[in-house]
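Chemist: Encoded as structure tokens, here's the structure I'll be asking about.
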Amino acid sequence: MLDTPITGPIEGPEGPDHHQDHHHVSPTPIGFWIYLMSDCIIFGTLFATYAVLGGNYAGGPGPKDLFEPGLVAWETALLLISSITFGVAMLNATAHKLGSTIMWLIITVLFGAGFLAIELYEFHHLIHIGAGPDRSAFLSAFFLLVGTHGLHVTFGSIWLITLVFQLRKHGLIEANMRRLSTLSMFWHFLDLIWIGVFSFVYLVRLV
Amino acid sequence: MAEHSSHSHGTMGQLMIGFVLAVILSIIPFYLVMADVEMSRTTIIGIIMGLGAVQIIVHLVYFLHVNRSVEEGWTLAASVLAIIILCIVLAGSLWVMHNMNENMMPMPSQEQMLEMMNLQNQQG
């Protein structure tokens, strides 16, 4: 916020000198990247928790009794495709195509919703068969890590829907472009965390 | 602003290269687990973790466009700092908790506990 005068409305009246400000583009991307890195550290600690507690079943069911790789493969596919469709939306936005940007964003949110639906089904199923987060340290760590990722996807989807309304109202103005590019980072980042989840939380424990 | 933004969004080509690589790098680990491939356990775990690490780099390069030039290197600097902290957290937790588990007194089972209580009662 301290830097707003550099990129804010003051830029205009400065007249001929304003091309100097091209070096001071909006500080939002780097600020958001630093936020993502802090998120990365949160996920890192949750991964460490899972690594430490993942073997403590308290006499309850273990990964091989509970995890279904087929479901995880579907989740992975949906999240990866949603990352690509977001990329396409971003390319359309930089090409100033409002209609197709909105269309691809809606496709993205549908894939995101598909991912969340499978995750909720899995959680519901696990709790239903008595393997909820209160069953063992392994399941607490599992629900905490995978649930935190799911919450991120949920908030990302809410952000996406909000942005669709913003775009329909104001079009591809600079503020909306900034919001789009930060959400794009957020969305790709969630896909990146999911690589760790499907490899380390699910697949490795099924070997 | 989009034209001279220092955070580029790549091209369709980059997106597709990233997509194809990510698909390949995801299918192999799922195949290894779901098709019960004949290999030693450690090898399969090693392959899964290795491919995961490669895929993270693919995502960073092709989707998130992290390189030395973005934001005059600040993105890379922030990422490197995060990775260092992550390594300390992960390696530290695993090391400390492993040592703690190693040095823990063996916990008596429920039957042993009952036996001990019976003995105490008899003595008392």
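Numbering starts fresh at 1 for the residues of each chain in the structure tokens, the chains themselves are lettered A, B, ... in the order given, and ligands are numbered from 1 as they appear.
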Do a neighbour search on Leu53 (chain A) at 9 Å with only C-alpha atoms, toss out local chain neighbours closer than 5 positions, and write the hits as a list in words.
Modeler: Ala48, Ala137, Phe138, Leu139, Ser140 and Ala141 of chain A
Chemist: Mind dumping a table of every chain B residue within 9 Å of chain A, with the nearest atom pair and its distance in Å to one decimal, using only C-alpha atoms, sorted by chain and rising number, as JSON lines?
Modeler:
{"residue": "B:Met1", "atom": "CA", "partner": "A:Glu174", "partner_atom": "CA", "distance": 6.8}
{"residue": "B:Ala2", "atom": "CA", "partner": "A:Thr94", "partner_atom": "CA", "distance": 6.5}
{"residue": "B:Glu3", "atom": "CA", "partner": "A:Thr94", "partner_atom": "CA", "distance": 8.0}
{"residue": "B:His4", "atom": "CA", "partner": "A:His22", "partner_atom": "CA", "distance": 7.6}
{"residue": "B:Ser5", "atom": "CA", "partner": "A:Val25", "partner_atom": "CA", "distance": 6.6}
{"residue": "B:Ser6", "atom": "CA", "partner": "A:Val25", "partner_atom": "CA", "distance": 7.3}
{"residue": "B:His7", "atom": "CA", "partner": "A:Pro29", "partner_atom": "CA", "distance": 7.1}
{"residue": "B:His9", "atom": "CA", "partner": "A:Met90", "partner_atom": "CA", "distance": 7.0}
{"residue": "B:Gly10", "atom": "CA", "partner": "A:Leu91", "partner_atom": "CA", "distance": 7.9}
{"residue": "B:Thr11", "atom": "CA", "partner": "A:Leu91", "partner_atom": "CA", "distance": 7.1}
{"residue": "B:Met12", "atom": "CA", "partner": "A:Val88", "partner_atom": "CA", "distance": 7.3}
{"residue": "B:Leu15", "atom": "CA", "partner": "A:Gly87", "partner_atom": "CA", "distance": 6.9}
{"residue": "B:Met16", "atom": "CA", "partner": "A:Ile84", "partner_atom": "CA", "distance": 8.1}
{"residue": "B:Gly18", "atom": "CA", "partner": "A:Ile84", "partner_atom": "CA", "distance": 8.9}
{"residue": "B:Phe19", "atom": "CA", "partner": "A:Ile84", "partner_atom": "CA", "distance": 7.0}
{"residue": "B:Ala22", "atom": "CA", "partner": "A:Leu80", "partner_atom": "CA", "distance": 8.0}
{"residue": "B:Val23", "atom": "CA", "partner": "A:Ala77", "partner_atom": "CA", "distance": 8.2}
{"residue": "B:Ser26", "atom": "CA", "partner": "A:Thr76", "partner_atom": "CA", "distance": 8.1}
{"residue": "B:Ile27", "atom": "CA", "partner": "A:Ala73", "partner_atom": "CA", "distance": 8.5}
{"residue": "B:Pro29", "atom": "CA", "partner": "A:Leu203", "partner_atom": "CA", "distance": 7.5}
{"residue": "B:Phe30", "atom": "CA", "partner": "A:Ala73", "partner_atom": "CA", "distance": 7.0}
{"residue": "B:Leu32", "atom": "CA", "partner": "A:Val207", "partner_atom": "CA", "distance": 8.5}
{"residue": "B:Val33", "atom": "CA", "partner": "A:Val207", "partner_atom": "CA", "distance": 6.1}
{"residue": "B:Met34", "atom": "CA", "partner": "A:Pro69", "partner_atom": "CA", "distance": 6.8}
{"residue": "B:Asp36", "atom": "CA", "partner": "A:Val207", "partner_atom": "CA", "distance": 8.3}
{"residue": "B:Arg41", "atom": "CA", "partner": "A:Val207", "partner_atom": "CA", "distance": 6.4}
{"residue": "B:Thr42", "atom": "CA", "partner": "A:Val207", "partner_atom": "CA", "distance": 9.0}
{"residue": "B:Ile44", "atom": "CA", "partner": "A:Val207", "partner_atom": "CA", "distance": 7.2}
{"residue": "B:Ile45", "atom": "CA", "partner": "A:Val204", "partner_atom": "CA", "distance": 5.6}
{"residue": "B:Gly46", "atom": "CA", "partner": "A:Val204", "partner_atom": "CA", "distance": 8.9}
{"residue": "B:Ile48", "atom": "CA", "partner": "A:Ser199", "partner_atom": "CA", "distance": 6.2}
{"residue": "B:Met49", "atom": "CA", "partner": "A:Ser199", "partner_atom": "CA", "distance": 6.4}
{"residue": "B:Leu51", "atom": "CA", "partner": "A:Ser199", "partner_atom": "CA", "distance": 8.7}
{"residue": "B:Gly52", "atom": "CA", "partner": "A:Ile195", "partner_atom": "CA", "distance": 6.1}
{"residue": "B:Ala53", "atom": "CA", "partner": "A:Gly196", "partner_atom": "CA", "distance": 8.2}
{"residue": "B:Gln55", "atom": "CA", "partner": "A:Ile195", "partner_atom": "CA", "distance": 7.4}
{"residue": "B:Ile56", "atom": "CA", "partner": "A:Leu192", "partner_atom": "CA", "distance": 5.9}
{"residue": "B:His59", "atom": "CA", "partner": "A:Leu192", "partner_atom": "CA", "distance": 6.5}
{"residue": "B:Leu60", "atom": "CA", "partner": "A:Leu192", "partner_atom": "CA", "distance": 8.0}
{"residue": "B:Phe63", "atom": "CA", "partner": "A:His188", "partner_atom": "CA", "distance": 6.6}
{"residue": "B:Leu64", "atom": "CA", "partner": "A:Met185", "partner_atom": "CA", "distance": 6.3}
{"residue": "B:Glu71", "atom": "CA", "partner": "A:Ile30", "partner_atom": "CA", "distance": 6.9}
{"residue": "B:Trp74", "atom": "CA", "partner": "A:Ile30", "partner_atom": "CA", "distance": 7.1}
{"residue": "B:Thr75", "atom": "CA", "partner": "A:Ile30", "partner_atom": "CA", "distance": 6.3}
{"residue": "B:Ala78", "atom": "CA", "partner": "A:Ile34", "partner_atom": "CA", "distance": 6.3}
{"residue": "B:Ser79", "atom": "CA", "partner": "A:Met37", "partner_atom": "CA", "distance": 6.5}
{"residue": "B:Leu81", "atom": "CA", "partner": "A:Met37", "partner_atom": "CA", "distance": 8.6}
{"residue": "B:Ala82", "atom": "CA", "partner": "A:Met37", "partner_atom": "CA", "distance": 5.8}
{"residue": "B:Ile83", "atom": "CA", "partner": "A:Ile41", "partner_atom": "CA", "distance": 8.3}
{"residue": "B:Ile85", "atom": "CA", "partner": "A:Ile41", "partner_atom": "CA", "distance": 7.3}
{"residue": "B:Leu86", "atom": "CA", "partner": "A:Gly44", "partner_atom": "CA", "distance": 5.9}
{"residue": "B:Cys87", "atom": "CA", "partner": "A:Gly44", "partner_atom": "CA", "distance": 8.7}
{"residue": "B:Val89", "atom": "CA", "partner": "A:Thr45", "partner_atom": "CA", "distance": 6.5}
{"residue": "B:Leu90", "atom": "CA", "partner": "A:Ala48", "partner_atom": "CA", "distance": 5.3}
{"residue": "B:Ala91", "atom": "CA", "partner": "A:Ala48", "partner_atom": "CA", "distance": 8.4}
{"residue": "B:Ser93", "atom": "CA", "partner": "A:Ala48", "partner_atom": "CA", "distance": 6.4}
{"residue": "B:Leu94", "atom": "CA", "partner": "A:Val52", "partner_atom": "CA", "distance": 6.3}
{"residue": "B:Met97", "atom": "CA", "partner": "A:Val52", "partner_atom": "CA", "distance": 6.7}
{"residue": "B:His98", "atom": "CA", "partner": "A:Val52", "partner_atom": "CA", "distance": 7.9}
Chemist: Could you list, as a tab-separated table (two decimals) with all heavy atoms, in the first residue's frame, every residue within 12 Å of Phe115 (chain A), counting only C-alpha atoms and ignoring same-chain residues fewer than 3 positions away?
Modeler:
chain	number	residue	atom	x	y	z
A	71	LEU	N	-10.15	-42.58	-7.60
A	71	LEU	CA	-10.73	-41.27	-7.26
A	71	LEU	C	-9.69	-40.17	-7.32
A	71	LEU	O	-9.93	-39.08	-7.85
A	71	LEU	CB	-11.32	-41.31	-5.84
A	71	LEU	CG	-12.70	-41.90	-5.63
A	71	LEU	CD1	-13.14	-41.70	-4.19
A	71	LEU	CD2	-13.71	-41.22	-6.56
A	72	VAL	N	-8.49	-40.47	-6.75
A	72	VAL	CA	-7.43	-39.46	-6.72
A	72	VAL	C	-6.99	-39.11	-8.14
A	72	VAL	O	-6.71	-37.95	-8.45
A	72	VAL	CB	-6.24	-39.96	-5.88
A	72	VAL	CG1	-5.22	-38.85	-5.70
A	72	VAL	CG2	-6.71	-40.46	-4.53
A	73	ALA	N	-6.97	-40.12	-9.02
A	73	ALA	CA	-6.60	-39.86	-10.42
A	73	ALA	C	-7.62	-38.89	-11.05
A	73	ALA	O	-7.23	-37.96	-11.77
A	73	ALA	CB	-6.56	-41.17	-11.20
A	74	TRP	N	-8.91	-39.10	-10.78
A	74	TRP	CA	-9.93	-38.18	-11.31
A	74	TRP	C	-9.72	-36.77	-10.77
A	74	TRP	O	-9.80	-35.79	-11.52
A	74	TRP	CB	-11.33	-38.68	-10.93
A	74	TRP	CG	-11.88	-39.64	-11.94
A	74	TRP	CD1	-12.07	-40.99	-11.77
A	74	TRP	CD2	-12.28	-39.34	-13.29
A	74	TRP	NE1	-12.56	-41.53	-12.93
A	74	TRP	CE2	-12.70	-40.55	-13.87
A	74	TRP	CE3	-12.31	-38.16	-14.05
A	74	TRP	CZ2	-13.16	-40.63	-15.19
A	74	TRP	CZ3	-12.76	-38.24	-15.36
A	74	TRP	CH2	-13.18	-39.44	-15.91
A	75	GLU	N	-9.47	-36.67	-9.45
A	75	GLU	CA	-9.25	-35.35	-8.85
A	75	GLU	C	-8.07	-34.66	-9.53
A	75	GLU	O	-8.13	-33.48	-9.86
A	75	GLU	CB	-8.96	-35.50	-7.36
A	75	GLU	CG	-10.18	-35.82	-6.52
A	75	GLU	CD	-9.82	-35.98	-5.06
A	75	GLU	OE1	-9.22	-37.00	-4.71
A	75	GLU	OE2	-10.13	-35.10	-4.27
A	76	THR	N	-6.97	-35.45	-9.73
A	76	THR	CA	-5.77	-34.89	-10.34
A	76	THR	C	-6.08	-34.37	-11.75
A	76	THR	O	-5.68	-33.26	-12.11
A	76	THR	CB	-4.67	-35.97	-10.41
A	76	THR	OG1	-4.49	-36.51	-9.10
A	76	THR	CG2	-3.36	-35.40	-10.91
A	77	ALA	N	-6.81	-35.20	-12.52
A	77	ALA	CA	-7.13	-34.81	-13.89
A	77	ALA	C	-7.97	-33.52	-13.90
A	77	ALA	O	-7.67	-32.58	-14.64
A	77	ALA	CB	-7.89	-35.94	-14.57
A	78	LEU	N	-9.00	-33.46	-13.06
A	78	LEU	CA	-9.87	-32.28	-13.05
A	78	LEU	C	-9.09	-31.02	-12.68
A	78	LEU	O	-9.26	-29.97	-13.31
A	78	LEU	CB	-11.03	-32.50	-12.07
A	78	LEU	CG	-12.09	-33.51	-12.51
A	78	LEU	CD1	-13.08	-33.78	-11.40
A	78	LEU	CD2	-12.83	-32.99	-13.75
A	79	LEU	N	-8.23	-31.14	-11.66
A	79	LEU	CA	-7.50	-29.95	-11.21
A	79	LEU	C	-6.49	-29.49	-12.26
A	79	LEU	O	-6.33	-28.29	-12.50
A	79	LEU	CB	-6.81	-30.23	-9.87
A	79	LEU	CG	-6.54	-29.01	-9.01
A	79	LEU	CD1	-7.83	-28.29	-8.68
A	79	LEU	CD2	-5.83	-29.38	-7.73
A	80	LEU	N	-5.83	-30.47	-12.91
A	80	LEU	CA	-4.86	-30.11	-13.94
A	80	LEU	C	-5.56	-29.44	-15.13
A	80	LEU	O	-5.10	-28.41	-15.63
A	80	LEU	CB	-4.09	-31.36	-14.40
A	80	LEU	CG	-3.06	-31.13	-15.51
A	80	LEU	CD1	-1.98	-30.15	-15.02
A	80	LEU	CD2	-2.40	-32.43	-15.93
A	81	ILE	N	-6.69	-30.02	-15.55
A	81	ILE	CA	-7.42	-29.42	-16.68
A	81	ILE	C	-7.90	-28.02	-16.31
A	81	ILE	O	-7.83	-27.08	-17.11
A	81	ILE	CB	-8.60	-30.33	-17.10
A	81	ILE	CG1	-8.06	-31.64	-17.68
A	81	ILE	CG2	-9.47	-29.64	-18.15
A	81	ILE	CD1	-9.11	-32.70	-17.91
A	82	SER	N	-8.36	-27.84	-15.06
A	82	SER	CA	-8.82	-26.51	-14.64
A	82	SER	C	-7.67	-25.50	-14.68
A	82	SER	O	-7.87	-24.32	-14.96
A	82	SER	CB	-9.45	-26.55	-13.25
A	82	SER	OG	-8.47	-26.46	-12.26
A	83	SER	N	-6.45	-25.98	-14.42
A	83	SER	CA	-5.28	-25.10	-14.50
A	83	SER	C	-5.06	-24.66	-15.95
A	83	SER	O	-4.73	-23.50	-16.22
A	83	SER	CB	-4.05	-25.85	-13.99
A	83	SER	OG	-3.32	-25.07	-13.10
A	108	THR	N	-13.44	-23.20	-16.08
A	108	THR	CA	-12.48	-23.48	-15.00
A	108	THR	C	-13.20	-23.77	-13.69
A	108	THR	O	-12.88	-24.73	-12.98
A	108	THR	CB	-11.54	-22.27	-14.81
A	108	THR	OG1	-10.93	-21.98	-16.06
A	108	THR	CG2	-10.48	-22.56	-13.78
A	109	VAL	N	-14.19	-22.93	-13.37
A	109	VAL	CA	-14.87	-23.09	-12.08
A	109	VAL	C	-15.66	-24.40	-12.07
A	109	VAL	O	-15.79	-25.04	-11.02
A	109	VAL	CB	-15.73	-21.85	-11.75
A	109	VAL	CG1	-17.13	-21.95	-12.28
A	109	VAL	CG2	-15.76	-21.62	-10.26
A	110	LEU	N	-16.14	-24.84	-13.25
A	110	LEU	CA	-16.85	-26.12	-13.29
A	110	LEU	C	-15.91	-27.29	-12.98
A	110	LEU	O	-16.25	-28.19	-12.22
A	110	LEU	CB	-17.51	-26.32	-14.66
A	110	LEU	CG	-18.70	-25.41	-14.96
A	110	LEU	CD1	-19.22	-25.64	-16.38
A	110	LEU	CD2	-19.81	-25.61	-13.94
A	111	PHE	N	-14.70	-27.24	-13.57
A	111	PHE	CA	-13.72	-28.29	-13.27
A	111	PHE	C	-13.33	-28.25	-11.79
A	111	PHE	O	-13.20	-29.29	-11.14
A	111	PHE	CB	-12.48	-28.16	-14.15
A	111	PHE	CG	-12.67	-28.77	-15.52
A	111	PHE	CD1	-12.82	-27.98	-16.64
A	111	PHE	CD2	-12.69	-30.14	-15.67
A	111	PHE	CE1	-13.00	-28.54	-17.90
A	111	PHE	CE2	-12.86	-30.72	-16.92
A	111	PHE	CZ	-13.02	-29.91	-18.04
A	112	GLY	N	-13.15	-27.02	-11.25
A	112	GLY	CA	-12.84	-26.88	-9.83
A	112	GLY	C	-13.94	-27.48	-8.97
A	112	GLY	O	-13.67	-28.17	-7.98
A	118	ILE	N	-15.67	-34.51	-5.75
A	118	ILE	CA	-15.04	-35.81	-5.47
A	118	ILE	C	-14.43	-35.80	-4.07
A	118	ILE	O	-14.56	-36.76	-3.31
A	118	ILE	CB	-13.96	-36.14	-6.53
A	118	ILE	CG1	-14.60	-36.23	-7.91
A	118	ILE	CG2	-13.24	-37.44	-6.19
A	118	ILE	CD1	-13.62	-36.53	-9.02
A	119	GLU	N	-13.77	-34.67	-3.72
A	119	GLU	CA	-13.14	-34.60	-2.40
A	119	GLU	C	-14.19	-34.70	-1.29
A	119	GLU	O	-14.00	-35.42	-0.30
A	119	GLU	CB	-12.35	-33.30	-2.27
A	119	GLU	CG	-11.56	-33.23	-0.99
A	119	GLU	CD	-10.37	-32.29	-1.12
A	119	GLU	OE1	-9.36	-32.70	-1.73
A	119	GLU	OE2	-10.47	-31.15	-0.67
A	120	LEU	N	-15.30	-34.00	-1.45
A	120	LEU	CA	-16.36	-34.05	-0.44
A	120	LEU	C	-16.94	-35.45	-0.35
A	120	LEU	O	-17.23	-35.95	0.74
A	120	LEU	CB	-17.46	-33.04	-0.76
A	120	LEU	CG	-17.11	-31.59	-0.46
A	120	LEU	CD1	-18.22	-30.67	-0.92
A	120	LEU	CD2	-16.84	-31.39	1.03
A	121	TYR	N	-17.10	-36.10	-1.51
A	121	TYR	CA	-17.60	-37.48	-1.51
A	121	TYR	C	-16.66	-38.37	-0.71
A	121	TYR	O	-17.10	-39.16	0.14
A	121	TYR	CB	-17.73	-38.00	-2.96
A	121	TYR	CG	-17.87	-39.50	-3.03
A	121	TYR	CD1	-19.09	-40.11	-2.76
A	121	TYR	CD2	-16.77	-40.31	-3.32
A	121	TYR	CE1	-19.21	-41.49	-2.78
A	121	TYR	CE2	-16.88	-41.68	-3.34
A	121	TYR	CZ	-18.10	-42.27	-3.08
A	121	TYR	OH	-18.21	-43.64	-3.09
A	122	GLU	N	-15.33	-38.20	-0.96
A	122	GLU	CA	-14.35	-39.03	-0.26
A	122	GLU	C	-14.41	-38.79	1.25
A	122	GLU	O	-14.46	-39.73	2.04
A	122	GLU	CB	-12.94	-38.72	-0.78
A	122	GLU	CG	-11.89	-39.66	-0.22
A	122	GLU	CD	-10.47	-39.16	-0.42
A	122	GLU	OE1	-10.29	-37.95	-0.61
A	122	GLU	OE2	-9.55	-39.99	-0.38
A	149	HIS	N	-6.14	-27.88	1.68
A	149	HIS	CA	-6.05	-27.69	0.23
A	149	HIS	C	-7.44	-27.49	-0.38
A	149	HIS	O	-7.66	-26.59	-1.19
A	149	HIS	CB	-5.34	-28.88	-0.41
A	149	HIS	CG	-5.22	-28.79	-1.89
A	149	HIS	ND1	-6.20	-29.27	-2.73
A	149	HIS	CD2	-4.29	-28.23	-2.69
A	149	HIS	CE1	-5.85	-29.02	-3.98
A	149	HIS	NE2	-4.69	-28.39	-3.99
A	150	GLY	N	-8.40	-28.32	0.07
A	150	GLY	CA	-9.77	-28.20	-0.44
A	150	GLY	C	-10.38	-26.84	-0.13
A	150	GLY	O	-11.07	-26.25	-0.97
A	151	LEU	N	-10.09	-26.33	1.08
A	151	LEU	CA	-10.60	-25.00	1.45
A	151	LEU	C	-10.03	-23.93	0.52
A	151	LEU	O	-10.74	-23.00	0.12
A	151	LEU	CB	-10.20	-24.66	2.89
A	151	LEU	CG	-11.21	-24.99	3.98
A	151	LEU	CD1	-10.67	-24.52	5.32
A	151	LEU	CD2	-12.55	-24.31	3.70
A	153	VAL	N	-9.12	-24.38	-2.56
A	153	VAL	CA	-9.81	-24.49	-3.85
A	153	VAL	C	-11.21	-23.85	-3.75
A	153	VAL	O	-11.66	-23.17	-4.67
A	153	VAL	CB	-9.90	-25.96	-4.31
A	153	VAL	CG1	-10.67	-26.08	-5.61
A	153	VAL	CG2	-8.51	-26.55	-4.48
A	154	THR	N	-11.87	-24.07	-2.60
A	154	THR	CA	-13.20	-23.47	-2.40
A	154	THR	C	-13.13	-21.96	-2.50
A	154	THR	O	-13.91	-21.33	-3.22
A	154	THR	CB	-13.75	-23.87	-1.02
A	154	THR	OG1	-13.63	-25.28	-0.88
A	154	THR	CG2	-15.20	-23.45	-0.88
A	157	SER	N	-12.51	-20.77	-5.94
A	157	SER	CA	-13.72	-20.82	-6.77
A	157	SER	C	-14.63	-19.63	-6.50
A	157	SER	O	-15.18	-19.04	-7.43
A	157	SER	CB	-14.49	-22.12	-6.51
A	157	SER	OG	-13.64	-23.22	-6.70
A	190	LEU	N	-2.26	-23.91	-6.42
A	190	LEU	CA	-3.03	-24.98	-5.79
A	190	LEU	C	-2.82	-26.29	-6.53
A	190	LEU	O	-2.77	-27.36	-5.92
A	190	LEU	CB	-4.51	-24.63	-5.77
A	190	LEU	CG	-4.87	-23.53	-4.79
A	190	LEU	CD1	-6.35	-23.28	-4.83
A	190	LEU	CD2	-4.45	-23.94	-3.40
A	191	ASP	N	-2.70	-26.21	-7.85
A	191	ASP	CA	-2.42	-27.40	-8.65
A	191	ASP	C	-1.05	-27.96	-8.27
A	191	ASP	O	-0.86	-29.17	-8.16
A	191	ASP	CB	-2.47	-27.03	-10.13
A	191	ASP	CG	-2.69	-28.25	-11.01
A	191	ASP	OD1	-3.03	-29.31	-10.47
A	191	ASP	OD2	-2.51	-28.15	-12.23
A	194	TRP	N	-1.20	-29.76	-5.07
A	194	TRP	CA	-1.88	-31.05	-5.26
A	194	TRP	C	-0.92	-32.13	-5.72
A	194	TRP	O	-1.09	-33.31	-5.41
A	194	TRP	CB	-3.07	-30.90	-6.22
A	194	TRP	CG	-3.81	-32.19	-6.38
A	194	TRP	CD1	-3.78	-33.03	-7.45
A	194	TRP	CD2	-4.67	-32.81	-5.41
A	194	TRP	NE1	-4.57	-34.13	-7.21
A	194	TRP	CE2	-5.12	-34.02	-5.96
A	194	TRP	CE3	-5.09	-32.45	-4.13
A	194	TRP	CZ2	-5.98	-34.87	-5.28
A	194	TRP	CZ3	-5.94	-33.30	-3.45
A	194	TRP	CH2	-6.38	-34.49	-4.03
Chemist: Identify, with DSSP run on backbone atoms, the residues in chain B assigned to alpha helix (DSSP H), and express the list as a PyMOL selection string.
Modeler: chain B and resi 12-34+41-58+74-103+110-123
Chemist: Just give me the gap between CA of Met100 (chain B) and CA of Ala58 (chain A) in Å, one decimal is fine.
Modeler: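 These two atoms are separated by 18.1 Å.
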